[in-house]
>>> print(open('coords.txt').read())   # compact mmCIF, C-alpha atoms and all ligand atoms
# COMPACT_ATOMS: atom_id res chain seq x y z
CA MET L 1 111.51 91.03 69.61
CA PRO L 2 109.13 88.70 71.46
CA PRO L 3 105.47 89.71 71.39
CA ASN L 4 104.45 91.95 74.29
CA CYS L 5 108.08 92.51 75.19
CA PRO L 6 108.05 95.09 77.96
CA VAL L 7 111.45 96.48 76.96
CA TRP L 8 112.14 98.03 73.59
CA PHE L 9 115.76 98.26 72.56
CA CYS L 10 116.69 101.16 70.32
CA GLN L 11 119.37 101.36 67.66
CA ALA L 12 122.16 103.86 68.32
CA GLY L 13 120.77 107.37 68.40
CA LYS L 14 117.17 106.32 67.64
CA ARG L 15 114.31 106.32 70.08
CA SER L 16 112.16 103.22 69.98
CA SER L 17 108.96 104.36 71.66
CA ALA L 18 108.20 107.28 73.94
CA GLY L 19 109.70 106.59 77.35
CA ARG L 20 110.13 102.85 76.85
CA GLU L 21 113.87 102.82 76.48
CA GLY L 22 114.13 104.28 79.99
CA ALA L 23 113.45 100.83 81.38
CA ALA L 24 116.20 99.31 79.29
CA LEU L 25 118.55 102.02 80.43
CA GLU L 26 117.88 101.27 84.04
CA ALA L 27 118.11 97.54 83.46
CA LEU L 28 121.51 97.92 81.93
CA GLY L 29 122.73 100.42 84.48
CA ALA L 30 123.79 102.73 81.63
CA ASN L 31 123.07 106.43 81.28
CA ASP L 32 123.74 106.96 77.60
CA PRO L 33 120.97 105.79 75.25
CA THR L 34 123.41 105.24 72.42
CA THR L 35 125.24 102.71 74.55
CA VAL L 36 121.98 100.95 75.18
CA GLY L 37 121.26 101.01 71.49
CA ASN L 38 124.36 98.96 70.82
CA TYR L 39 122.97 96.03 72.77
CA GLN L 40 121.01 93.64 70.63
CA LEU L 41 118.26 91.58 72.14
CA ALA L 42 118.85 87.92 71.43
CA ALA L 43 116.36 85.81 73.36
CA VAL L 44 114.02 85.65 76.27
CA LEU L 45 115.67 83.50 78.91
CA GLY L 46 112.87 83.29 81.39
CA SER L 47 109.71 84.88 82.62
CA GLY L 48 106.82 84.17 84.88
CA GLY L 49 108.23 85.66 88.06
CA MET L 50 108.63 89.34 88.59
CA GLY L 51 109.99 90.81 85.39
CA ARG L 52 111.62 88.84 82.63
CA VAL L 53 115.21 87.96 81.86
CA TYR L 54 116.52 88.66 78.36
CA LEU L 55 119.76 87.70 76.68
CA ALA L 56 121.48 90.52 74.84
CA HIS L 57 124.78 91.07 72.98
CA SER L 58 126.98 93.91 74.24
CA PRO L 59 129.06 96.01 71.77
CA SER L 60 132.02 93.72 72.34
CA GLY L 61 129.89 90.73 71.46
CA ARG L 62 129.73 89.59 75.08
CA ARG L 63 126.40 88.03 75.97
CA VAL L 64 124.73 89.55 79.00
CA ALA L 65 121.51 88.73 80.82
CA ILE L 66 119.21 91.66 81.47
CA LYS L 67 116.53 91.68 84.11
CA VAL L 68 113.54 93.62 82.88
CA ILE L 69 112.09 95.69 85.61
CA ARG L 70 108.42 95.96 84.91
CA ALA L 71 105.51 93.92 86.13
CA ASP L 72 101.77 93.98 86.59
CA LEU L 73 101.48 93.08 90.26
CA VAL L 74 97.84 91.99 89.91
CA GLN L 75 98.21 89.70 86.92
CA GLU L 76 101.61 88.34 87.91
CA PHE L 77 101.38 88.17 91.68
CA THR L 78 98.31 89.04 93.77
CA HIS L 79 95.88 87.11 91.57
CA HIS L 80 97.79 83.89 92.25
CA TYR L 81 99.43 84.02 95.65
CA PRO L 82 96.44 83.69 98.10
CA PHE L 83 94.87 80.97 95.96
CA GLN L 84 98.13 79.02 96.07
CA ILE L 85 98.02 79.17 99.89
CA ILE L 86 94.50 77.69 99.92
CA TYR L 87 95.47 75.03 97.37
CA ARG L 88 98.35 73.99 99.61
CA GLN L 89 96.06 73.80 102.62
CA LEU L 90 93.79 71.52 100.59
CA ASP L 91 96.88 69.65 99.31
CA LEU L 92 95.58 69.71 95.75
CA PRO L 93 97.51 67.50 93.33
CA PRO L 94 99.81 69.92 91.43
CA GLU L 95 98.53 68.67 88.06
CA ASP L 96 94.97 69.76 89.01
CA VAL L 97 95.84 73.27 90.16
CA GLY L 98 95.62 74.95 86.71
CA VAL L 99 92.07 73.78 85.93
CA PHE L 100 91.00 74.16 89.54
CA HIS L 101 92.17 77.78 89.59
CA LYS L 102 90.15 78.55 86.43
CA LEU L 103 87.03 77.03 88.00
CA ALA L 104 87.58 78.90 91.28
CA ILE L 105 87.79 82.21 89.40
CA ALA L 106 84.85 81.32 87.12
CA GLN L 107 82.73 80.61 90.21
CA THR L 108 83.04 84.27 91.24
CA VAL L 109 81.30 85.58 88.10
CA VAL L 110 77.94 84.17 89.22
CA SER L 111 76.51 87.59 90.15
CA TYR L 112 76.63 88.78 86.51
CA ASP L 113 76.93 85.51 84.53
CA VAL L 114 74.70 83.03 86.32
CA ALA L 115 75.06 80.18 83.80
CA HIS L 116 78.86 80.31 83.67
CA GLY L 117 79.27 80.78 87.45
CA THR L 118 76.83 77.98 88.30
CA GLU L 119 78.48 75.55 85.92
CA ALA L 120 81.92 76.27 87.45
CA SER L 121 80.46 75.81 90.93
CA ARG L 122 78.88 72.47 89.91
CA LYS L 123 82.21 71.23 88.51
CA LEU L 124 84.00 72.27 91.69
CA GLY L 125 81.40 70.31 93.69
CA VAL L 126 82.06 67.17 91.63
CA TYR L 127 85.79 67.66 92.11
CA PHE L 128 85.47 68.12 95.90
CA LYS L 129 83.26 65.02 96.22
CA ALA L 130 85.93 62.87 94.56
CA LEU L 131 88.64 64.52 96.67
CA LEU L 132 86.72 63.87 99.91
CA ASP L 133 86.25 60.20 98.93
CA GLU L 134 89.94 59.89 98.17
CA ARG L 135 91.05 61.56 101.44
CA ARG L 136 88.71 59.31 103.44
CA ARG L 137 90.53 56.34 101.91
CA HIS L 138 94.01 57.89 102.22
CA PRO L 139 93.94 60.65 104.86
CA GLY L 140 96.78 63.15 105.15
CA ASN L 141 97.44 66.27 107.19
CA ASP L 142 95.51 68.56 104.85
CA LEU L 143 92.28 70.45 105.44
CA VAL L 144 90.19 68.16 103.20
CA SER L 145 91.28 65.10 105.23
CA LEU L 146 90.54 66.90 108.50
CA LEU L 147 87.06 67.91 107.33
CA ALA L 148 86.36 64.45 105.89
CA GLN L 149 87.04 62.88 109.29
CA ALA L 150 85.64 65.65 111.53
CA GLU L 151 82.86 64.57 113.88
CA VAL L 152 80.22 66.60 115.71
CA ASP L 153 78.34 64.74 118.46
CA GLY L 154 79.85 61.49 117.21
CA GLU L 155 78.70 61.97 113.61
CA THR L 156 80.69 62.98 110.56
CA LEU L 157 79.57 66.16 108.80
CA PRO L 158 77.10 65.73 105.91
CA GLU L 159 78.80 65.68 102.53
CA GLU L 160 76.83 68.60 101.09
CA ILE L 161 77.93 70.78 104.02
CA LEU L 162 81.57 69.83 103.47
CA ILE L 163 81.36 70.47 99.74
CA SER L 164 79.67 73.82 100.14
CA PHE L 165 82.19 74.87 102.82
CA LEU L 166 85.13 73.93 100.58
CA ARG L 167 83.54 75.72 97.64
CA GLN L 168 83.08 78.83 99.76
CA LEU L 169 86.57 78.59 101.22
CA VAL L 170 88.27 78.82 97.84
CA ASN L 171 86.72 82.22 97.22
CA ALA L 172 86.37 83.41 100.82
CA GLY L 173 90.10 82.80 101.28
CA GLY L 174 91.56 83.33 97.82
CA ASP L 175 89.43 85.92 96.07
CA THR L 176 89.12 88.31 99.04
CA THR L 177 92.79 88.22 99.94
CA TYR L 178 93.95 88.77 96.36
CA ARG L 179 91.69 91.82 96.25
CA ALA L 180 92.76 93.14 99.65
CA THR L 181 96.45 92.72 98.81
CA SER L 182 95.91 94.56 95.53
CA VAL L 183 94.12 97.40 97.36
CA LEU L 184 96.96 97.60 99.91
CA LEU L 185 99.51 97.92 97.10
CA THR L 186 97.34 100.51 95.33
CA GLY L 187 97.10 102.62 98.48
CA LEU L 188 100.83 102.52 99.12
CA LEU L 189 102.01 102.94 95.53
CA THR L 190 99.71 105.90 94.92
CA ASN L 191 100.97 107.49 98.15
CA PRO L 192 104.74 107.09 97.70
CA GLU L 193 105.59 108.91 100.93
CA GLN L 194 103.60 106.29 102.87
CA LEU L 195 105.26 103.48 100.92
CA ALA L 196 108.65 105.01 101.79
CA ALA L 197 107.65 105.13 105.46
CA VAL L 198 106.69 101.43 105.39
CA ARG L 199 109.86 100.54 103.52
CA ALA L 200 111.91 102.32 106.20
CA ASP L 201 109.96 100.83 109.10
CA ARG L 202 108.29 97.48 108.50
CA SER L 203 106.54 97.68 111.87
CA LEU L 204 104.07 100.00 110.06
CA ILE L 205 102.80 97.10 107.92
CA PRO L 206 99.94 96.07 110.27
CA GLN L 207 98.46 99.58 110.31
CA ALA L 208 98.88 99.84 106.52
CA ILE L 209 96.89 96.60 106.14
CA GLU L 210 94.08 97.81 108.44
CA GLU L 211 93.92 101.10 106.56
CA ALA L 212 93.67 99.28 103.20
CA LEU L 213 90.80 97.18 104.57
CA ARG L 214 89.03 100.30 105.82
CA TRP L 215 89.77 102.50 102.80
CA ASP L 216 88.65 100.07 100.11
CA GLY L 217 88.12 96.64 101.66
CA PRO L 218 87.10 94.08 99.05
CA VAL L 219 83.72 93.12 100.53
CA LEU L 220 81.26 96.02 100.12
CA ILE L 221 78.08 94.34 101.32
CA ALA L 222 77.37 91.89 104.17
CA SER L 223 73.93 90.30 104.64
CA ARG L 224 72.26 90.28 108.03
CA THR L 225 68.88 89.16 109.44
CA PRO L 226 67.48 90.63 112.69
CA VAL L 227 66.33 87.83 114.99
CA ILE L 228 63.97 90.16 116.89
CA ASP L 229 61.97 93.25 115.92
CA THR L 230 64.30 96.18 116.49
CA GLU L 231 65.10 99.71 115.37
CA LEU L 232 68.28 101.35 114.08
CA CYS L 233 68.62 105.13 113.68
CA GLY L 234 64.83 105.49 113.69
CA VAL L 235 64.29 102.78 111.07
CA ALA L 236 62.16 99.80 112.13
CA LEU L 237 63.84 96.47 111.39
CA PRO L 238 61.38 93.58 111.66
CA ALA L 239 62.63 90.15 112.69
CA GLY L 240 63.47 88.03 109.64
CA ALA L 241 64.08 91.00 107.29
CA ASN L 242 66.89 90.67 104.76
CA LEU L 243 69.37 93.48 105.38
CA SER L 244 72.26 94.51 103.18
CA VAL L 245 74.85 96.17 105.36
CA ALA L 246 76.98 98.55 103.31
CA ALA L 247 80.44 97.85 104.71
CA GLY L 248 82.05 100.26 102.26
CA SER L 249 79.86 103.09 103.50
CA ALA L 250 80.44 102.25 107.19
CA ASN L 251 84.19 102.25 106.58
CA ARG L 252 84.02 105.77 105.14
CA ASP L 253 81.60 107.22 107.68
CA PRO L 254 82.82 110.82 108.24
CA ALA L 255 81.34 110.73 111.75
CA ARG L 256 83.86 108.02 112.61
CA PHE L 257 86.82 108.55 110.28
CA ASP L 258 88.37 111.97 109.53
CA ASP L 259 88.79 112.68 105.82
CA PRO L 260 87.50 109.14 105.15
CA ASP L 261 88.26 108.99 101.41
CA ARG L 262 91.95 109.51 102.06
CA PHE L 263 94.29 106.51 102.34
CA ASP L 264 96.27 107.30 105.48
CA ILE L 265 98.19 104.62 107.32
CA PHE L 266 98.83 107.08 110.16
CA ARG L 267 95.17 107.74 110.97
CA LYS L 268 93.86 107.09 114.49
CA LYS L 269 93.41 103.37 115.10
CA GLN L 270 89.70 102.45 115.05
CA ARG L 271 87.91 99.24 114.27
CA HIS L 272 86.65 98.95 110.69
CA PHE L 273 84.01 96.71 109.10
CA GLY L 274 86.33 95.02 106.56
CA PHE L 275 85.88 91.57 108.15
CA ALA L 276 82.32 92.30 109.41
CA PHE L 277 81.25 91.80 113.06
CA GLY L 278 79.32 89.23 115.05
CA PRO L 279 78.98 85.45 114.87
CA HIS L 280 79.77 85.40 111.13
CA VAL L 281 82.83 87.60 111.40
CA CYS L 282 85.54 86.43 108.97
CA ILE L 283 87.20 83.31 110.37
CA GLY L 284 90.14 83.74 108.01
CA GLN L 285 91.05 87.30 109.07
CA HIS L 286 94.26 86.33 110.86
CA LEU L 287 95.44 84.23 107.93
CA ALA L 288 94.53 87.10 105.57
CA ARG L 289 96.60 89.57 107.60
CA LEU L 290 99.51 87.14 107.67
CA GLU L 291 99.35 86.58 103.90
CA MET L 292 99.19 90.32 103.22
CA THR L 293 102.14 90.94 105.54
CA ARG L 294 104.21 88.24 103.84
CA ALA L 295 103.24 89.52 100.40
CA LEU L 296 104.25 93.10 101.15
CA ASN L 297 107.49 92.07 102.85
CA ALA L 298 108.39 89.84 99.90
CA LEU L 299 107.80 92.65 97.40
CA LEU L 300 109.80 95.16 99.44
CA ASP L 301 112.62 92.62 99.91
CA HIS L 302 112.86 91.51 96.29
CA LEU L 303 111.79 94.49 94.17
CA PRO L 304 114.07 97.40 95.11
CA ASN L 305 112.70 100.90 94.59
CA LEU L 306 109.24 99.55 93.76
CA ARG L 307 107.12 102.32 92.20
CA LEU L 308 104.30 102.89 89.72
CA ASP L 309 105.17 102.65 86.04
CA PRO L 310 104.61 106.13 84.56
CA ASP L 311 103.91 104.58 81.14
CA HIS L 312 100.62 103.15 82.43
CA PRO L 313 97.60 104.71 84.13
CA PRO L 314 97.74 104.45 87.92
CA PRO L 315 95.74 101.56 89.44
CA GLN L 316 92.06 102.18 90.07
CA VAL L 317 90.08 100.14 92.57
CA GLN L 318 86.77 99.21 90.94
CA GLY L 319 83.69 97.06 91.54
CA THR L 320 80.24 97.29 93.08
CA MET L 321 80.04 94.08 95.16
CA MET L 322 83.72 93.22 95.36
CA ARG L 323 86.55 95.70 94.82
CA VAL L 324 89.94 95.35 93.14
CA PRO L 325 92.20 97.18 90.67
CA LYS L 326 92.54 95.22 87.41
CA HIS L 327 96.21 96.15 87.00
CA ILE L 328 99.04 97.59 89.05
CA HIS L 329 101.81 98.38 86.60
CA VAL L 330 105.11 98.89 88.41
CA ARG L 331 108.79 99.36 87.86
CA PHE L 332 111.63 98.30 90.10
CA ASP L 333 115.42 98.36 89.90
C1 LIG L 401 91.45 90.26 103.35
C2 LIG L 401 90.83 89.14 103.11
C3 LIG L 401 89.45 88.83 103.58
C4 LIG L 401 88.36 89.66 103.70
C5 LIG L 401 88.28 91.15 103.38
C6 LIG L 401 87.29 88.86 104.20
C7 LIG L 401 86.02 89.34 104.47
C8 LIG L 401 85.03 88.61 105.05
C9 LIG L 401 83.76 89.14 105.48
C10 LIG L 401 83.32 90.59 105.36
C11 LIG L 401 83.04 88.10 106.01
C12 LIG L 401 81.68 88.18 106.69
C13 LIG L 401 80.57 88.00 105.78
C14 LIG L 401 79.29 88.21 106.53
O1 LIG L 401 79.31 88.55 107.71
O2 LIG L 401 78.25 88.06 105.92
C15 LIG L 401 83.84 86.91 105.87
C16 LIG L 401 83.45 85.65 106.25
C17 LIG L 401 84.20 84.51 106.06
N1 LIG L 401 85.53 84.47 105.67
FE1 LIG L 401 86.66 86.03 105.14
N2 LIG L 401 87.73 87.57 104.35
C18 LIG L 401 89.05 87.51 104.01
C19 LIG L 401 89.88 86.41 104.04
C20 LIG L 401 89.49 85.14 104.40
C21 LIG L 401 90.35 83.97 104.43
C22 LIG L 401 91.85 83.99 104.15
C23 LIG L 401 89.56 82.90 104.76
C24 LIG L 401 89.91 81.46 104.94
C25 LIG L 401 91.02 80.89 104.54
C26 LIG L 401 88.22 83.41 104.94
C27 LIG L 401 87.13 82.64 105.27
C28 LIG L 401 85.90 83.14 105.60
C29 LIG L 401 84.77 82.30 105.96
C30 LIG L 401 84.75 80.77 105.99
C31 LIG L 401 83.71 83.16 106.26
C32 LIG L 401 82.31 82.79 106.71
C33 LIG L 401 82.21 82.84 108.22
C34 LIG L 401 80.83 82.52 108.69
O3 LIG L 401 79.86 82.66 107.94
O4 LIG L 401 80.69 82.14 109.86
N3 LIG L 401 88.22 84.76 104.74
N4 LIG L 401 85.05 87.25 105.32
>>> encode(input="coords.txt", output="structure tokens")
Amino acid sequence: MPPNCPVWFCQAGKRSSAGREGAALEALGANDPTTVGNYQLAAVLGSGGMGRVYLAHSPSGRRVAIKVIRADLVQEFTHHYPFQIIYRQLDLPPEDVGVFHKLAIAQTVVSYDVAHGTEASRKLGVYFKALLDERRRHPGNDLVSLLAQAEVDGETLPEEILISFLRQLVNAGGDTTYRATSVLLTGLLTNPEQLAAVRADRSLIPQAIEEALRWDGPVLIASRTPVIDTELCGVALPAGANLSVAAGSANRDPARFDDPDRFDIFRKKQRHFGFAFGPHVCIGQHLARLEMTRALNALLDHLPNLRLDPDHPPPQVQGTMMRVPKHIHVRFD
């Protein structure tokens, strides 16, 4: 048995571990556990995508491949997919992607581990400087080449601006969208009747995405500075003050949203604060919606009967600044 094998095979008549053999049963399409027990696991053939493929011996000695039907959608899917989109836009050399991804994630820990986050950010800066130099010499159709050659009023953009934009983009585009996609899946999987509705009618996907961004959008706080002395709800806001706008609170304002804590893709359509407002509104919002749509469609297309795995606790969206569930354990047929 390989370590961490998500399927436990049982010997005839014996139970391997509470509930676990159910997955093997489904994978084999058999209803009798003793039949399942006669299969002997031989080798792991492949993994890394959704589920893993195992080689087993049937009672007649025939070798059969078995698709294991469990996955953690966060660790195996959402935590990678939006970053891969950004890396393609930057046209990162494939051999750099592994280390780059680690640095991009490490950069996000800066709010609670300043030393580690700052060091990752510095290394990313060094990497982007070399990449900009290289793309100036050999431009392509990627975003780094476009930025390296972009001109404003006849002048190229200063290097520190380019580097800090690229650094921000990796997290603004990757980290947020991985979180938002995970929240969308949490909302749907914990409300199976709404997941079934989306499965039956994919035109509901856009409203499911907007509801996920309202219900538990990944960015809880946005910073704002009044440019003039003003007042909001009786509170004086002097020009130049640093304001923390609680997006999470605005998105659950009971004066605006009925039963605001409930995930409900059928609620009345109203604008939410998930991408903020104003001149600094998210410039990647349309890409984010597209990525989330593609992600959900791909899961519904390729993982039939997708549902929560009852052997694991249901996903819980957590975090004070940025929100995400750590795991979404699922089964599929
Ligand atoms: C669901 C995913 C996303 C969420 C929830 C999100 C959320 C936000 C929010 C709330 C802001 C405004 C911050 C503020 O006003 O202070 C913002 C800004 C920004 N976002 Fe997104 N974002 C997402 C995806 C993306 C993507 C895919 C990209 C690019 C590929 C992106 C790029 C940016 C950039 C560059 C800014 C700064 C805009 C500016 O300061 O003018 N975002 N995002």
>>> residues_around(input="coords.txt", residues="L:Gln107", least_positions_apart="4", cutoff="8 Å", atoms="all atoms listed in the file", output="list in words")
Leu103, His116, Gly117, Thr118, Glu119, Ala120 and Ser121 of chain L
>>> closest_atom_pairs(input="coords.txt", of="chain L", to="ligand LIG 401 (chain L)", cutoff="8 Å", atoms="only C-alpha atoms and all ligand atoms", output="JSON lines")
{"residue": "L:Pro82", "atom": "CA", "partner": "L:LIG401", "partner_atom": "C22", "distance": 7.6}
{"residue": "L:Ile86", "atom": "CA", "partner": "L:LIG401", "partner_atom": "C25", "distance": 6.6}
{"residue": "L:Phe165", "atom": "CA", "partner": "L:LIG401", "partner_atom": "C30", "distance": 7.2}
{"residue": "L:Gln168", "atom": "CA", "partner": "L:LIG401", "partner_atom": "C30", "distance": 6.7}
{"residue": "L:Leu169", "atom": "CA", "partner": "L:LIG401", "partner_atom": "C30", "distance": 5.6}
{"residue": "L:Val170", "atom": "CA", "partner": "L:LIG401", "partner_atom": "C25", "distance": 7.5}
{"residue": "L:Asn171", "atom": "CA", "partner": "L:LIG401", "partner_atom": "C26", "distance": 8.0}
{"residue": "L:Ala172", "atom": "CA", "partner": "L:LIG401", "partner_atom": "C26", "distance": 4.5}
{"residue": "L:Gly173", "atom": "CA", "partner": "L:LIG401", "partner_atom": "C21", "distance": 3.4}
{"residue": "L:Gly174", "atom": "CA", "partner": "L:LIG401", "partner_atom": "C22", "distance": 6.4}
{"residue": "L:Asp175", "atom": "CA", "partner": "L:LIG401", "partner_atom": "C2", "distance": 7.9}
{"residue": "L:Thr176", "atom": "CA", "partner": "L:LIG401", "partner_atom": "C2", "distance": 4.5}
{"residue": "L:Thr177", "atom": "CA", "partner": "L:LIG401", "partner_atom": "C2", "distance": 3.8}
{"residue": "L:Tyr178", "atom": "CA", "partner": "L:LIG401", "partner_atom": "C2", "distance": 7.4}
{"residue": "L:Arg179", "atom": "CA", "partner": "L:LIG401", "partner_atom": "C1", "distance": 7.3}
{"residue": "L:Ala180", "atom": "CA", "partner": "L:LIG401", "partner_atom": "C1", "distance": 4.9}
{"residue": "L:Thr181", "atom": "CA", "partner": "L:LIG401", "partner_atom": "C1", "distance": 7.2}
{"residue": "L:Leu213", "atom": "CA", "partner": "L:LIG401", "partner_atom": "C5", "distance": 6.6}
{"residue": "L:Gly217", "atom": "CA", "partner": "L:LIG401", "partner_atom": "C5", "distance": 5.8}
{"residue": "L:Pro218", "atom": "CA", "partner": "L:LIG401", "partner_atom": "C5", "distance": 5.4}
{"residue": "L:Val219", "atom": "CA", "partner": "L:LIG401", "partner_atom": "C10", "distance": 5.5}
{"residue": "L:Leu220", "atom": "CA", "partner": "L:LIG401", "partner_atom": "C10", "distance": 7.8}
{"residue": "L:Ile221", "atom": "CA", "partner": "L:LIG401", "partner_atom": "C10", "distance": 7.6}
{"residue": "L:Ala222", "atom": "CA", "partner": "L:LIG401", "partner_atom": "O2", "distance": 4.3}
{"residue": "L:Ser223", "atom": "CA", "partner": "L:LIG401", "partner_atom": "O2", "distance": 5.0}
{"residue": "L:Arg224", "atom": "CA", "partner": "L:LIG401", "partner_atom": "O2", "distance": 6.7}
{"residue": "L:Ala247", "atom": "CA", "partner": "L:LIG401", "partner_atom": "C10", "distance": 7.8}
{"residue": "L:Phe273", "atom": "CA", "partner": "L:LIG401", "partner_atom": "C10", "distance": 7.2}
{"residue": "L:Gly274", "atom": "CA", "partner": "L:LIG401", "partner_atom": "C5", "distance": 5.4}
{"residue": "L:Phe275", "atom": "CA", "partner": "L:LIG401", "partner_atom": "C10", "distance": 3.9}
{"residue": "L:Ala276", "atom": "CA", "partner": "L:LIG401", "partner_atom": "C10", "distance": 4.5}
{"residue": "L:Phe277", "atom": "CA", "partner": "L:LIG401", "partner_atom": "O1", "distance": 6.6}
{"residue": "L:Gly278", "atom": "CA", "partner": "L:LIG401", "partner_atom": "O1", "distance": 7.4}
{"residue": "L:Pro279", "atom": "CA", "partner": "L:LIG401", "partner_atom": "O4", "distance": 6.2}
{"residue": "L:His280", "atom": "CA", "partner": "L:LIG401", "partner_atom": "O4", "distance": 3.6}
{"residue": "L:Val281", "atom": "CA", "partner": "L:LIG401", "partner_atom": "C12", "distance": 4.9}
{"residue": "L:Cys282", "atom": "CA", "partner": "L:LIG401", "partner_atom": "C16", "distance": 3.5}
{"residue": "L:Ile283", "atom": "CA", "partner": "L:LIG401", "partner_atom": "C28", "distance": 4.9}
{"residue": "L:Gly284", "atom": "CA", "partner": "L:LIG401", "partner_atom": "C23", "distance": 3.4}
{"residue": "L:Gln285", "atom": "CA", "partner": "L:LIG401", "partner_atom": "C19", "distance": 5.2}
{"residue": "L:His286", "atom": "CA", "partner": "L:LIG401", "partner_atom": "C22", "distance": 7.5}
{"residue": "L:Leu287", "atom": "CA", "partner": "L:LIG401", "partner_atom": "C22", "distance": 5.2}
{"residue": "L:Ala288", "atom": "CA", "partner": "L:LIG401", "partner_atom": "C22", "distance": 4.3}
{"residue": "L:Arg289", "atom": "CA", "partner": "L:LIG401", "partner_atom": "C1", "distance": 6.7}
{"residue": "L:Glu291", "atom": "CA", "partner": "L:LIG401", "partner_atom": "C22", "distance": 7.9}
{"residue": "L:Met292", "atom": "CA", "partner": "L:LIG401", "partner_atom": "C1", "distance": 7.7}
>>> write_last_selection(input="coords.txt", atoms="C-alpha atoms", output="tab-separated table (two decimals), keeping the file's coordinate frame")
chain	number	residue	atom	x	y	z
L	82	PRO	CA	96.44	83.69	98.10
L	86	ILE	CA	94.50	77.69	99.92
L	165	PHE	CA	82.19	74.87	102.82
L	168	GLN	CA	83.08	78.83	99.76
L	169	LEU	CA	86.57	78.59	101.22
L	170	VAL	CA	88.27	78.82	97.84
L	171	ASN	CA	86.72	82.22	97.22
L	172	ALA	CA	86.37	83.41	100.82
L	173	GLY	CA	90.10	82.80	101.28
L	174	GLY	CA	91.56	83.33	97.82
L	175	ASP	CA	89.43	85.92	96.07
L	176	THR	CA	89.12	88.31	99.04
L	177	THR	CA	92.79	88.22	99.94
L	178	TYR	CA	93.95	88.77	96.36
L	179	ARG	CA	91.69	91.82	96.25
L	180	ALA	CA	92.76	93.14	99.65
L	181	THR	CA	96.45	92.72	98.81
L	213	LEU	CA	90.80	97.18	104.57
L	217	GLY	CA	88.12	96.64	101.66
L	218	PRO	CA	87.10	94.08	99.05
L	219	VAL	CA	83.72	93.12	100.53
L	220	LEU	CA	81.26	96.02	100.12
L	221	ILE	CA	78.08	94.34	101.32
L	222	ALA	CA	77.37	91.89	104.17
L	223	SER	CA	73.93	90.30	104.64
L	224	ARG	CA	72.26	90.28	108.03
L	247	ALA	CA	80.44	97.85	104.71
L	273	PHE	CA	84.01	96.71	109.10
L	274	GLY	CA	86.33	95.02	106.56
L	275	PHE	CA	85.88	91.57	108.15
L	276	ALA	CA	82.32	92.30	109.41
L	277	PHE	CA	81.25	91.80	113.06
L	278	GLY	CA	79.32	89.23	115.05
L	279	PRO	CA	78.98	85.45	114.87
L	280	HIS	CA	79.77	85.40	111.13
L	281	VAL	CA	82.83	87.60	111.40
L	282	CYS	CA	85.54	86.43	108.97
L	283	ILE	CA	87.20	83.31	110.37
L	284	GLY	CA	90.14	83.74	108.01
L	285	GLN	CA	91.05	87.30	109.07
L	286	HIS	CA	94.26	86.33	110.86
L	287	LEU	CA	95.44	84.23	107.93
L	288	ALA	CA	94.53	87.10	105.57
L	289	ARG	CA	96.60	89.57	107.60
L	291	GLU	CA	99.35	86.58	103.90
L	292	MET	CA	99.19	90.32	103.22
>>> atom_distance(input="coords.txt", atom1="atom CA of L:Val74", atom2="atom CA of L:Gln318")
13.3 Å
>>> atom_distance(input="coords.txt", atom1="atom CA of L:Gln75", atom2="atom CA of L:Val198")
23.5 Å
>>> closest_residue(input="coords.txt", among="L:Ala106, L:Met321, L:Leu306, L:Ala298", to="L:Ile69", atoms="all atoms listed in the file")
L:Leu306
>>> axis_aligned_box(input="coords.txt", around="stretch 212-227 of chain L", padding_each_side="3 Å", output="JSON")
{"center_x": 80.0, "center_y": 95.2, "center_z": 107.0, "size_x": 33.3, "size_y": 20.7, "size_z": 21.9}
>>> residues_around(input="coords.txt", residues="L:Ile205", least_positions_apart="2", cutoff="12 Å", atoms="only C-alpha atoms", output="compact mmCIF listing (two decimals) with C-alpha atoms, in the coordinates of the input")
# COMPACT_ATOMS: atom_id res chain seq x y z
CA THR L 181 96.45 92.72 98.81
CA LEU L 184 96.96 97.60 99.91
CA LEU L 185 99.51 97.92 97.10
CA LEU L 188 100.83 102.52 99.12
CA GLN L 194 103.60 106.29 102.87
CA LEU L 195 105.26 103.48 100.92
CA ALA L 196 108.65 105.01 101.79
CA ALA L 197 107.65 105.13 105.46
CA VAL L 198 106.69 101.43 105.39
CA ARG L 199 109.86 100.54 103.52
CA ALA L 200 111.91 102.32 106.20
CA ASP L 201 109.96 100.83 109.10
CA ARG L 202 108.29 97.48 108.50
CA SER L 203 106.54 97.68 111.87
CA GLN L 207 98.46 99.58 110.31
CA ALA L 208 98.88 99.84 106.52
CA ILE L 209 96.89 96.60 106.14
CA GLU L 210 94.08 97.81 108.44
CA GLU L 211 93.92 101.10 106.56
CA ALA L 212 93.67 99.28 103.20
CA ILE L 265 98.19 104.62 107.32
CA PHE L 266 98.83 107.08 110.16
CA ARG L 289 96.60 89.57 107.60
CA LEU L 290 99.51 87.14 107.67
CA GLU L 291 99.35 86.58 103.90
CA MET L 292 99.19 90.32 103.22
CA THR L 293 102.14 90.94 105.54
CA ARG L 294 104.21 88.24 103.84
CA ALA L 295 103.24 89.52 100.40
CA LEU L 296 104.25 93.10 101.15
CA ASN L 297 107.49 92.07 102.85
CA LEU L 300 109.80 95.16 99.44
>>> residues_near_point(input="coords.txt", point="(92.9, 78.1, 93.8)", cutoff="7 Å", atoms="only C-alpha atoms", output="list in words")
Phe83, Gln84, Ile86, Tyr87, Val97, Phe100, His101, Ala104, Val170 and Gly174 of chain L
>>> write_last_selection(input="coords.txt", atoms="C-alpha atoms", output="compact mmCIF listing (two decimals), in the coordinates of the input")
# COMPACT_ATOMS: atom_id res chain seq x y z
CA PHE L 83 94.87 80.97 95.96
CA GLN L 84 98.13 79.02 96.07
CA ILE L 86 94.50 77.69 99.92
CA TYR L 87 95.47 75.03 97.37
CA VAL L 97 95.84 73.27 90.16
CA PHE L 100 91.00 74.16 89.54
CA HIS L 101 92.17 77.78 89.59
CA ALA L 104 87.58 78.90 91.28
CA VAL L 170 88.27 78.82 97.84
CA GLY L 174 91.56 83.33 97.82
